[in-house]
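Structure data follow from protein36.cif (mmCIF, C-alpha atoms):
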data_target
loop_
_atom_site.label_atom_id
_atom_site.label_comp_id
_atom_site.auth_asym_id
_atom_site.auth_seq_id
_atom_site.Cartn_x
_atom_site.Cartn_y
_atom_site.Cartn_z
CA MET Z 212 84.13 162.25 66.37
CA ALA Z 213 84.34 161.51 70.09
CA PRO Z 214 87.89 161.40 71.46
CA LYS Z 215 89.50 158.06 72.25
CA ALA Z 216 89.28 156.34 75.60
CA ILE Z 217 92.16 157.17 77.94
CA ILE Z 218 92.63 155.20 81.13
CA ALA Z 219 94.63 157.08 83.78
CA PRO Z 220 95.07 155.11 87.01
CA SER Z 221 95.59 157.28 90.08
CA ILE Z 222 98.89 156.50 91.76
CA LEU Z 223 97.40 157.68 95.05
CA SER Z 224 96.33 154.01 95.37
CA ALA Z 225 99.73 152.55 94.46
CA ASP Z 226 102.16 150.96 96.93
CA PHE Z 227 104.20 153.99 98.01
CA ALA Z 228 107.11 151.78 99.06
CA ASN Z 229 107.30 150.48 95.47
CA LEU Z 230 106.03 153.52 93.61
CA GLY Z 231 108.36 153.39 90.61
CA HIS Z 232 107.68 149.67 90.07
CA ASP Z 233 103.91 150.13 90.41
CA CYS Z 234 103.86 153.03 87.94
CA SER Z 235 105.87 151.10 85.36
CA LYS Z 236 103.76 147.97 85.79
CA THR Z 237 100.49 149.88 85.43
CA ILE Z 238 101.59 151.22 82.06
CA SER Z 239 102.61 147.68 81.06
CA ASP Z 240 99.17 146.47 82.18
CA GLY Z 241 97.57 148.70 79.54
CA ALA Z 242 97.12 152.11 81.17
CA ASP Z 243 97.53 155.12 78.88
CA TRP Z 244 98.39 157.82 81.42
CA LEU Z 245 99.24 158.05 85.10
CA HIS Z 246 97.10 160.38 87.17
CA VAL Z 247 99.40 162.06 89.70
CA ASP Z 248 97.53 163.67 92.59
CA ILE Z 249 99.35 166.68 94.03
CA MET Z 250 97.90 167.97 97.33
CA ASP Z 251 99.28 170.83 99.41
CA GLY Z 252 97.35 170.62 102.70
CA HIS Z 253 95.79 174.04 101.96
CA PHE Z 254 93.51 173.73 98.94
CA VAL Z 255 92.61 170.27 100.21
CA PRO Z 256 93.28 168.94 103.73
CA ASN Z 257 95.56 166.13 102.60
CA LEU Z 258 99.27 166.10 101.65
CA THR Z 259 100.86 163.91 98.99
CA TRP Z 260 104.13 164.65 97.16
CA GLY Z 261 106.05 167.29 95.26
CA PRO Z 262 108.32 167.58 92.23
CA PRO Z 263 111.18 165.37 93.56
CA ILE Z 264 108.89 162.33 93.80
CA VAL Z 265 107.41 163.02 90.34
CA ALA Z 266 110.93 163.29 88.94
CA LYS Z 267 111.86 159.93 90.48
CA ILE Z 268 108.85 158.06 89.08
CA ARG Z 269 109.41 159.73 85.69
CA GLY Z 270 112.59 157.69 85.54
CA HIS Z 271 110.48 154.51 85.62
CA VAL Z 272 108.01 155.52 82.89
CA ASP Z 273 109.05 156.59 79.39
CA LYS Z 274 107.88 160.07 78.41
CA PRO Z 275 105.20 160.12 75.72
CA THR Z 276 106.44 160.54 72.17
CA GLU Z 277 103.40 162.62 71.20
CA ALA Z 278 100.80 164.83 72.89
CA TYR Z 279 98.32 162.74 74.92
CA GLY Z 280 100.50 159.67 74.29
CA LYS Z 281 101.19 156.61 76.41
CA GLY Z 282 103.08 157.49 79.57
CA THR Z 283 101.57 160.96 79.96
CA PHE Z 284 101.87 162.27 83.51
CA ASP Z 285 98.49 163.85 84.18
CA CYS Z 286 99.27 166.00 87.23
CA HIS Z 287 96.12 166.98 89.12
CA MET Z 288 97.15 170.06 91.05
CA MET Z 289 95.00 170.28 94.17
CA ILE Z 290 97.01 173.27 95.37
CA ALA Z 291 96.15 176.81 96.44
CA GLU Z 292 98.70 178.63 94.24
CA PRO Z 293 99.01 176.69 90.98
CA LYS Z 294 101.01 179.19 88.94
CA LYS Z 295 103.93 179.03 91.38
CA TRP Z 296 104.54 175.37 90.60
CA VAL Z 297 104.17 175.17 86.81
CA LYS Z 298 107.89 175.39 86.01
CA GLU Z 299 108.89 173.02 88.82
CA PHE Z 300 106.53 170.28 87.65
CA LYS Z 301 107.55 170.79 84.03
CA LYS Z 302 111.15 170.12 85.09
CA ALA Z 303 110.02 167.07 87.09
CA GLY Z 304 108.42 165.46 84.03
CA CYS Z 305 104.78 166.56 84.08
CA ASP Z 306 103.08 166.44 80.66
CA LEU Z 307 99.59 167.71 81.50
CA TYR Z 308 99.21 170.30 84.28
CA CYS Z 309 95.60 170.32 85.50
CA PHE Z 310 94.78 173.07 88.00
CA HIS Z 311 91.54 173.79 89.81
CA TYR Z 312 89.33 176.63 88.60
CA GLU Z 313 88.68 177.51 92.25
CA ALA Z 314 92.42 178.15 92.81
CA ALA Z 315 93.01 180.05 89.57
CA PHE Z 316 92.48 183.53 91.03
CA SER Z 317 95.55 183.31 93.28
CA THR Z 318 99.00 184.86 93.10
CA ALA Z 319 100.66 185.34 89.71
CA ALA Z 320 104.09 184.57 91.21
CA GLU Z 321 106.02 182.15 89.00
CA SER Z 322 108.10 180.19 91.52
CA PRO Z 323 107.53 178.68 94.98
CA GLU Z 324 109.69 181.26 96.73
CA ALA Z 325 108.40 184.30 94.80
CA LYS Z 326 105.71 186.70 96.00
CA SER Z 327 103.36 188.84 93.95
CA ASP Z 328 100.27 190.91 94.70
CA GLU Z 329 99.11 190.41 91.12
CA LYS Z 330 96.49 187.73 90.57
CA THR Z 331 96.25 185.21 87.78
CA SER Z 332 93.07 184.02 86.00
CA PRO Z 333 92.04 180.71 84.45
CA LYS Z 334 92.71 181.81 80.87
CA GLU Z 335 96.01 183.45 81.76
CA LEU Z 336 97.10 180.35 83.64
CA ILE Z 337 96.20 178.03 80.74
CA LYS Z 338 98.23 180.22 78.38
CA TYR Z 339 101.16 180.21 80.79
CA ILE Z 340 101.11 176.39 81.00
CA HIS Z 341 100.99 176.11 77.21
CA ASN Z 342 103.92 178.52 76.92
CA GLN Z 343 105.93 176.20 79.19
CA GLY Z 344 105.36 173.36 76.71
CA MET Z 345 102.75 171.36 78.62
CA LEU Z 346 99.14 170.45 78.02
CA ALA Z 347 96.71 172.32 80.28
CA GLY Z 348 93.70 170.98 82.13
CA ILE Z 349 91.13 172.71 84.31
CA ALA Z 350 89.27 170.92 87.12
CA LEU Z 351 86.00 171.63 88.91
CA LYS Z 352 85.03 170.69 92.44
CA PRO Z 353 81.49 169.32 92.89
CA ALA Z 354 80.19 172.64 94.26
CA THR Z 355 81.35 174.62 91.20
CA SER Z 356 78.92 175.11 88.31
CA VAL Z 357 80.02 173.96 84.87
CA ASP Z 358 78.78 177.32 83.55
CA VAL Z 359 82.04 178.97 84.64
CA LEU Z 360 83.83 177.11 81.82
CA TRP Z 361 81.95 178.41 78.80
CA GLU Z 362 83.85 181.69 78.55
CA ILE Z 363 87.16 179.85 78.91
CA LEU Z 364 86.37 177.17 76.35
CA GLU Z 365 85.17 179.80 73.89
CA SER Z 366 88.26 182.02 74.15
CA GLU Z 367 89.36 183.48 70.82
CA ASP Z 368 92.98 182.69 71.69
CA PRO Z 369 93.55 178.91 71.35
CA LYS Z 370 96.38 179.13 73.91
CA GLU Z 371 93.79 180.18 76.51
CA ARG Z 372 91.62 177.11 75.93
CA PRO Z 373 92.22 173.94 77.99
CA ASP Z 374 93.18 170.62 76.44
CA MET Z 375 91.10 168.76 79.01
CA VAL Z 376 88.37 169.41 81.56
CA LEU Z 377 88.28 167.37 84.78
CA ILE Z 378 84.95 166.93 86.53
CA MET Z 379 85.42 165.69 90.09
CA THR Z 380 82.96 162.94 91.04
CA VAL Z 381 84.09 163.09 94.69
CA GLU Z 382 85.31 165.90 96.91
CA PRO Z 383 89.02 166.25 96.14
CA GLY Z 384 91.52 165.33 98.80
CA PHE Z 385 91.25 161.63 99.59
CA GLY Z 386 91.07 158.38 97.64
CA GLY Z 387 88.48 155.65 98.08
CA GLN Z 388 85.39 157.88 98.25
CA LYS Z 389 81.93 157.03 96.92
CA PHE Z 390 81.12 158.05 93.33
CA MET Z 391 78.87 161.13 93.04
CA ALA Z 392 76.55 160.53 90.08
CA SER Z 393 75.11 164.00 90.75
CA GLU Z 394 78.13 165.47 88.88
CA LEU Z 395 77.45 163.66 85.60
CA PRO Z 396 75.11 166.33 84.16
CA LYS Z 397 78.21 168.55 83.94
CA VAL Z 398 79.87 165.89 81.78
CA GLN Z 399 76.75 165.57 79.63
CA GLU Z 400 76.57 169.31 79.01
CA LEU Z 401 80.28 169.52 78.16
CA ARG Z 402 80.03 166.61 75.72
CA LYS Z 403 76.95 168.08 74.06
CA ARG Z 404 78.72 171.40 73.45
CA TYR Z 405 82.22 170.06 72.74
CA PRO Z 406 82.10 166.65 71.00
CA GLU Z 407 85.90 166.44 70.64
CA LEU Z 408 86.92 167.68 74.10
CA ASN Z 409 88.85 165.40 76.44
CA ILE Z 410 86.59 165.12 79.50
CA GLU Z 411 88.06 163.43 82.56
CA VAL Z 412 86.20 162.08 85.57
CA ASP Z 413 87.93 161.37 88.86
CA GLY Z 414 86.55 159.79 92.01
CA GLY Z 415 84.88 156.48 92.78
CA LEU Z 416 85.37 155.10 89.26
CA GLY Z 417 85.51 151.34 88.72
CA PRO Z 418 83.60 148.48 87.11
CA ALA Z 419 80.41 149.34 89.04
CA THR Z 420 80.32 153.01 87.99
CA ILE Z 421 82.08 153.20 84.62
CA ASP Z 422 78.88 152.73 82.59
CA GLN Z 423 77.31 155.83 84.13
CA ALA Z 424 80.40 157.93 83.41
CA ALA Z 425 80.76 156.59 79.87
CA ASP Z 426 77.05 157.18 79.15
CA ALA Z 427 77.49 160.81 80.23
CA GLY Z 428 80.33 161.27 77.75
CA ALA Z 429 83.54 160.99 79.78
CA ASN Z 430 86.51 159.62 77.85
CA VAL Z 431 89.41 160.07 80.30
CA ILE Z 432 88.88 157.73 83.23
CA VAL Z 433 90.75 158.03 86.52
CA ALA Z 434 90.56 154.92 88.69
CA GLY Z 435 92.66 154.33 91.79
CA SER Z 436 91.83 151.44 94.08
CA ALA Z 437 89.77 149.76 91.32
CA VAL Z 438 93.01 149.27 89.34
CA PHE Z 439 95.77 149.09 91.94
CA GLY Z 440 93.67 146.93 94.28
CA ALA Z 441 92.54 144.50 91.58
CA GLN Z 442 93.70 140.91 91.37
CA ASP Z 443 94.16 141.48 87.63
CA PRO Z 444 94.70 145.22 86.94
CA SER Z 445 95.00 144.65 83.18
CA GLU Z 446 91.51 143.14 83.12
CA VAL Z 447 90.04 146.17 84.92
CA ILE Z 448 91.85 148.61 82.61
CA ALA Z 449 90.48 146.73 79.58
CA LEU Z 450 86.96 146.76 81.02
CA LEU Z 451 87.07 150.52 81.63
CA ARG Z 452 88.38 151.13 78.10
CA GLU Z 453 85.73 148.94 76.50
CA ALA Z 454 82.92 150.75 78.32
CA VAL Z 455 84.05 154.10 76.91
CA GLU Z 456 84.81 152.85 73.40
CA LYS Z 457 81.42 151.13 73.07
CA ARG Z 458 79.76 154.47 73.61
CA ASN Z 459 81.96 156.56 71.37
CA GLY Z 460 81.65 154.19 68.43
CA LYS Z 461 85.21 152.86 68.52
CA LEU Z 462 83.98 149.26 69.08
#
Could you rewrite the structure in this file as structure tokens?
Amino acid sequence: MAPKAIIAPSILSADFANLGHDCSKTISDGADWLHVDIMDGHFVPNLTWGPPIVAKIRGHVDKPTEAYGKGTFDCHMMIAEPKKWVKEFKKAGCDLYCFHYEAAFSTAAESPEAKSDEKTSPKELIKYIHNQGMLAGIALKPATSVDVLWEILESEDPKERPDMVLIMTVEPGFGGQKFMASELPKVQELRKRYPELNIEVDGGLGPATIDQAADAGANVIVAGSAVFGAQDPSEVIALLREAVEKRNGKL
């Protein structure tokens, strides 16, 4: 059975001066998760926020009572050294720590101030995140082939397998970019091989592009300006959900 639709508005498009209020309201408007974009100015050219901001907005949104539940903080780690920040974001209230495959061969140091010449790997990093009590996601930039994931998804150790795969449908780093339909074959191949996998798409999603993403098999939908910039955000969230559920047989 295909997994349920999950709508995860990106708070990169929220009103930063009223961030806590906007996050709380978006959940009240029907969102399942909040997609929290973390950018370090190295892995991507933009900068956003760190653990103190996440901790503050966590105070405005109840933690989920179950895995994948309402209020999940889906932290998309667009950072060059993802292992260093796992424990800090766990403390801040992150529920799902989604790192980039391209950054997963970096230092194995376990804190921001630590140094290590040892390198981590995608499977080791997923296991480490699970051992910290969080869900683990792995993201791919547009230039990265989906073929790199097969070995990871087929790992004999369930702790080394991700709970979600994120396929970027824009170049990571900035909101408001145009949707790249060229990335949807990756989603199609993932869904064909893994019918129950949570597959997230991020970038340029909204009422005009949701049908393409849903047809490909995506069930976790990140939308920024389409939700936060809408006159009626609850209507947009419902529309996105309906498009996914029609295709996975839930409607």
- Message: I'd like the interatomic distance between atom CA of Z:Glu292 and atom CA of Z:Ala315, to a tenth of an Å.
- Response: 7.5 Å
- Message: Set the distance at 12 Å and use all atoms listed in the file: which residues neighbour stretch 353-355 of chain Z once local chain neighbours fewer than 5 positions away are removed? I'd like the list as number ranges by chain.
- Response: Z: 311-314, 360, 377-383, 390-398, 412-414
- Item | Picked residues, the PyMOL selection byres ((chain Z and resi 336) around 12), expected as a PyMOL selection string | chain Z and resi 292-297+308-312+314-321+330-335+337-343+345-349+363+370-373
- Care to translate the PyMOL selection byres ((chain Z and resi 221) around 6) into actual residues of this file, as a ChimeraX atom specification? /Z:220,222-223,246,434-435
- Task: Would you write out, as a list of chain:residue names, every residue that the PyMOL selection byres ((chain Z and resi 278) around 10) captures in this file?
- Result: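 Selected by the PyMOL selection byres ((chain Z and resi 278) around 10) here: Z:Pro275, Z:Thr276, Z:Glu277, Z:Tyr279, Z:Gly280, Z:Lys281, Z:Thr283, Z:Asp306, Z:Leu307, Z:Met345, Z:Leu346.
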Could you take the residues named above and write them with C-alpha atoms, as a tab-separated table (two decimals), in the coordinates of the input?
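Result saved to selection.tsv:
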chain	number	residue	atom	x	y	z
Z	275	PRO	CA	105.20	160.12	75.72
Z	276	THR	CA	106.44	160.54	72.17
Z	277	GLU	CA	103.40	162.62	71.20
Z	279	TYR	CA	98.32	162.74	74.92
Z	280	GLY	CA	100.50	159.67	74.29
Z	281	LYS	CA	101.19	156.61	76.41
Z	283	THR	CA	101.57	160.96	79.96
Z	306	ASP	CA	103.08	166.44	80.66
Z	307	LEU	CA	99.59	167.71	81.50
Z	345	MET	CA	102.75	171.36	78.62
Z	346	LEU	CA	99.14	170.45	78.02
- Nearest to Z:Ile410, chosen from Z:Asn229, Z:Asn430, Z:Ser235, Z:Ser445, with only C-alpha atoms counted in the distances: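 Closest to Z:Ile410 of all the choices is Z:Asn430.
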- Item | Gap from atom CA of Z:Gln399 to atom CA of Z:Ile290 - Å, one decimal |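 It comes out at 26.8 Å.
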- Computed interatomic separation between atom CA of Z:Asn459 and atom CA of Z:Asp358 (Å):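 Going from atom CA of Z:Asn459 over to atom CA of Z:Asp358 covers 24.3 Å.
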- Message: My list of candidates is Z:Pro263, Z:Gly231, Z:Gly241, Z:Gly304. Which is closest to Z:Ala449 when distances are computed with all atoms listed in the file?
- Response: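 Using all atoms listed in the file, the shortest distance to Z:Ala449 belongs to Z:Gly241.
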- Find the residue from Z:Met288, Z:Leu230, Z:Ala303, Z:Ile448 that sits nearest to Z:Pro262; use all atoms listed in the file when measuring.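 The answer is Z:Ala303, which sits nearest to Z:Pro262.
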- Protein and nucleic acid residues near (101.9, 160.5, 85.4) (cut-off 8 Å, only C-alpha atoms) as a VMD selection string: chain Z and resid 244 to 247 265 269 282 to 286 305 to 306
- Considering all atoms listed in the file, state which residue in the set Z:Asp248, Z:Met289, Z:Gly261, Z:Ile218 is at the smallest distance from Z:Glu453. Z:Ile218
Given 4 Å of margin on each side, can you work out the centre and size in Å (one decimal) of an axis-aligned box holding every listed atom of stretch 427-439 of chain Z, as AutoDock Vina command-line options?
--center_x 86.6 --center_y 155.2 --center_z 85.9 --size_x 26.3 --size_y 20.2 --size_z 24.3
- Query: Between Z:Ala454, Z:Val433, Z:Val359, Z:Pro256, which one has atoms that come closest to Z:Ala242, using all atoms listed in the file?
  - Reply: Z:Val433
- Item | Selected residue of minimal separation from Z:Lys298 among Z:Asp328, Z:Ser322, Z:Lys215, Z:Val376, counting only C-alpha atoms |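 Closest residue, counting only C-alpha atoms: Z:Ser322.
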Mind rebuilding stretch 283-294 of chain Z with all heavy atoms and writing that out as a PDB file, in the coordinates of the input?
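Result written to result22.pdb:
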ATOM      1  N   THR Z 283     101.851 159.587  79.537  1.00  0.00           N
ATOM      2  CA  THR Z 283     101.570 160.960  79.960  1.00  0.00           C
ATOM      3  C   THR Z 283     101.389 161.030  81.472  1.00  0.00           C
ATOM      4  O   THR Z 283     100.642 160.238  82.054  1.00  0.00           O
ATOM      5  CB  THR Z 283     100.298 161.495  79.254  1.00  0.00           C
ATOM      6  OG1 THR Z 283     100.594 161.687  77.862  1.00  0.00           O
ATOM      7  CG2 THR Z 283      99.808 162.806  79.856  1.00  0.00           C
ATOM      8  N   PHE Z 284     102.088 161.968  82.092  1.00  0.00           N
ATOM      9  CA  PHE Z 284     101.870 162.270  83.510  1.00  0.00           C
ATOM     10  C   PHE Z 284     100.817 163.374  83.596  1.00  0.00           C
ATOM     11  O   PHE Z 284     101.077 164.527  83.264  1.00  0.00           O
ATOM     12  CB  PHE Z 284     103.172 162.712  84.185  1.00  0.00           C
ATOM     13  CG  PHE Z 284     104.054 161.586  84.658  1.00  0.00           C
ATOM     14  CD1 PHE Z 284     103.913 160.295  84.160  1.00  0.00           C
ATOM     15  CD2 PHE Z 284     105.042 161.820  85.607  1.00  0.00           C
ATOM     16  CE1 PHE Z 284     104.731 159.250  84.596  1.00  0.00           C
ATOM     17  CE2 PHE Z 284     105.868 160.781  86.054  1.00  0.00           C
ATOM     18  CZ  PHE Z 284     105.710 159.503  85.546  1.00  0.00           C
ATOM     19  N   ASP Z 285      99.642 162.967  84.039  1.00  0.00           N
ATOM     20  CA  ASP Z 285      98.490 163.850  84.180  1.00  0.00           C
ATOM     21  C   ASP Z 285      98.490 164.328  85.637  1.00  0.00           C
ATOM     22  O   ASP Z 285      97.997 163.642  86.527  1.00  0.00           O
ATOM     23  CB  ASP Z 285      97.235 163.017  83.826  1.00  0.00           C
ATOM     24  CG  ASP Z 285      95.923 163.631  84.256  1.00  0.00           C
ATOM     25  OD1 ASP Z 285      95.860 164.864  84.390  1.00  0.00           O
ATOM     26  OD2 ASP Z 285      94.956 162.857  84.449  1.00  0.00           O
ATOM     27  N   CYS Z 286      99.095 165.498  85.856  1.00  0.00           N
ATOM     28  CA  CYS Z 286      99.270 166.000  87.230  1.00  0.00           C
ATOM     29  C   CYS Z 286      98.074 166.837  87.644  1.00  0.00           C
ATOM     30  O   CYS Z 286      97.832 167.914  87.095  1.00  0.00           O
ATOM     31  CB  CYS Z 286     100.570 166.791  87.336  1.00  0.00           C
ATOM     32  SG  CYS Z 286     102.045 165.770  87.160  1.00  0.00           S
ATOM     33  N   HIS Z 287      97.337 166.325  88.608  1.00  0.00           N
ATOM     34  CA  HIS Z 287      96.120 166.980  89.120  1.00  0.00           C
ATOM     35  C   HIS Z 287      96.531 167.823  90.317  1.00  0.00           C
ATOM     36  O   HIS Z 287      96.783 167.305  91.409  1.00  0.00           O
ATOM     37  CB  HIS Z 287      95.108 165.896  89.493  1.00  0.00           C
ATOM     38  CG  HIS Z 287      93.848 166.425  90.085  1.00  0.00           C
ATOM     39  ND1 HIS Z 287      92.937 165.611  90.736  1.00  0.00           N
ATOM     40  CD2 HIS Z 287      93.317 167.681  90.127  1.00  0.00           C
ATOM     41  CE1 HIS Z 287      91.922 166.344  91.154  1.00  0.00           C
ATOM     42  NE2 HIS Z 287      92.134 167.597  90.812  1.00  0.00           N
ATOM     43  N   MET Z 288      96.573 169.134  90.076  1.00  0.00           N
ATOM     44  CA  MET Z 288      97.150 170.060  91.050  1.00  0.00           C
ATOM     45  C   MET Z 288      96.092 170.571  92.024  1.00  0.00           C
ATOM     46  O   MET Z 288      95.435 171.581  91.788  1.00  0.00           O
ATOM     47  CB  MET Z 288      97.823 171.220  90.322  1.00  0.00           C
ATOM     48  CG  MET Z 288      98.805 170.796  89.228  1.00  0.00           C
ATOM     49  SD  MET Z 288     100.137 169.712  89.795  1.00  0.00           S
ATOM     50  CE  MET Z 288     100.984 170.795  90.935  1.00  0.00           C
ATOM     51  N   MET Z 289      95.933 169.862  93.119  1.00  0.00           N
ATOM     52  CA  MET Z 289      95.000 170.280  94.170  1.00  0.00           C
ATOM     53  C   MET Z 289      95.772 171.177  95.135  1.00  0.00           C
ATOM     54  O   MET Z 289      96.022 170.827  96.294  1.00  0.00           O
ATOM     55  CB  MET Z 289      94.409 169.053  94.851  1.00  0.00           C
ATOM     56  CG  MET Z 289      93.426 168.319  93.970  1.00  0.00           C
ATOM     57  SD  MET Z 289      92.936 166.705  94.631  1.00  0.00           S
ATOM     58  CE  MET Z 289      94.252 165.678  93.964  1.00  0.00           C
ATOM     59  N   ILE Z 290      96.154 172.352  94.620  1.00  0.00           N
ATOM     60  CA  ILE Z 290      97.010 173.270  95.370  1.00  0.00           C
ATOM     61  C   ILE Z 290      96.447 174.682  95.291  1.00  0.00           C
ATOM     62  O   ILE Z 290      95.757 175.043  94.332  1.00  0.00           O
ATOM     63  CB  ILE Z 290      98.470 173.235  94.870  1.00  0.00           C
ATOM     64  CG1 ILE Z 290      98.584 173.697  93.419  1.00  0.00           C
ATOM     65  CG2 ILE Z 290      99.035 171.822  95.019  1.00  0.00           C
ATOM     66  CD1 ILE Z 290     100.025 173.776  92.914  1.00  0.00           C
ATOM     67  N   ALA Z 291      96.757 175.479  96.296  1.00  0.00           N
ATOM     68  CA  ALA Z 291      96.150 176.810  96.440  1.00  0.00           C
ATOM     69  C   ALA Z 291      96.758 177.852  95.499  1.00  0.00           C
ATOM     70  O   ALA Z 291      96.092 178.832  95.162  1.00  0.00           O
ATOM     71  CB  ALA Z 291      96.288 177.276  97.890  1.00  0.00           C
ATOM     72  N   GLU Z 292      98.015 177.645  95.083  1.00  0.00           N
ATOM     73  CA  GLU Z 292      98.700 178.630  94.240  1.00  0.00           C
ATOM     74  C   GLU Z 292      99.330 177.930  93.040  1.00  0.00           C
ATOM     75  O   GLU Z 292     100.544 177.726  92.968  1.00  0.00           O
ATOM     76  CB  GLU Z 292      99.768 179.373  95.064  1.00  0.00           C
ATOM     77  CG  GLU Z 292      99.171 180.162  96.216  1.00  0.00           C
ATOM     78  CD  GLU Z 292     100.207 180.868  97.088  1.00  0.00           C
ATOM     79  OE1 GLU Z 292     101.306 180.305  97.289  1.00  0.00           O
ATOM     80  OE2 GLU Z 292      99.904 181.978  97.559  1.00  0.00           O
ATOM     81  N   PRO Z 293      98.511 177.556  92.064  1.00  0.00           N
ATOM     82  CA  PRO Z 293      99.010 176.690  90.980  1.00  0.00           C
ATOM     83  C   PRO Z 293     100.052 177.309  90.067  1.00  0.00           C
ATOM     84  O   PRO Z 293     100.904 176.584  89.544  1.00  0.00           O
ATOM     85  CB  PRO Z 293      97.734 176.338  90.203  1.00  0.00           C
ATOM     86  CG  PRO Z 293      96.727 177.373  90.573  1.00  0.00           C
ATOM     87  CD  PRO Z 293      97.050 177.776  91.974  1.00  0.00           C
ATOM     88  N   LYS Z 294     100.030 178.620  89.874  1.00  0.00           N
ATOM     89  CA  LYS Z 294     101.010 179.190  88.940  1.00  0.00           C
ATOM     90  C   LYS Z 294     102.437 179.058  89.467  1.00  0.00           C
ATOM     91  O   LYS Z 294     103.389 178.879  88.694  1.00  0.00           O
ATOM     92  CB  LYS Z 294     100.684 180.657  88.649  1.00  0.00           C
ATOM     93  CG  LYS Z 294     101.538 181.208  87.506  1.00  0.00           C
ATOM     94  CD  LYS Z 294     101.113 182.591  87.063  1.00  0.00           C
ATOM     95  CE  LYS Z 294     101.958 183.045  85.871  1.00  0.00           C
ATOM     96  NZ  LYS Z 294     101.608 184.413  85.418  1.00  0.00           N
TER      97      LYS Z 294
END
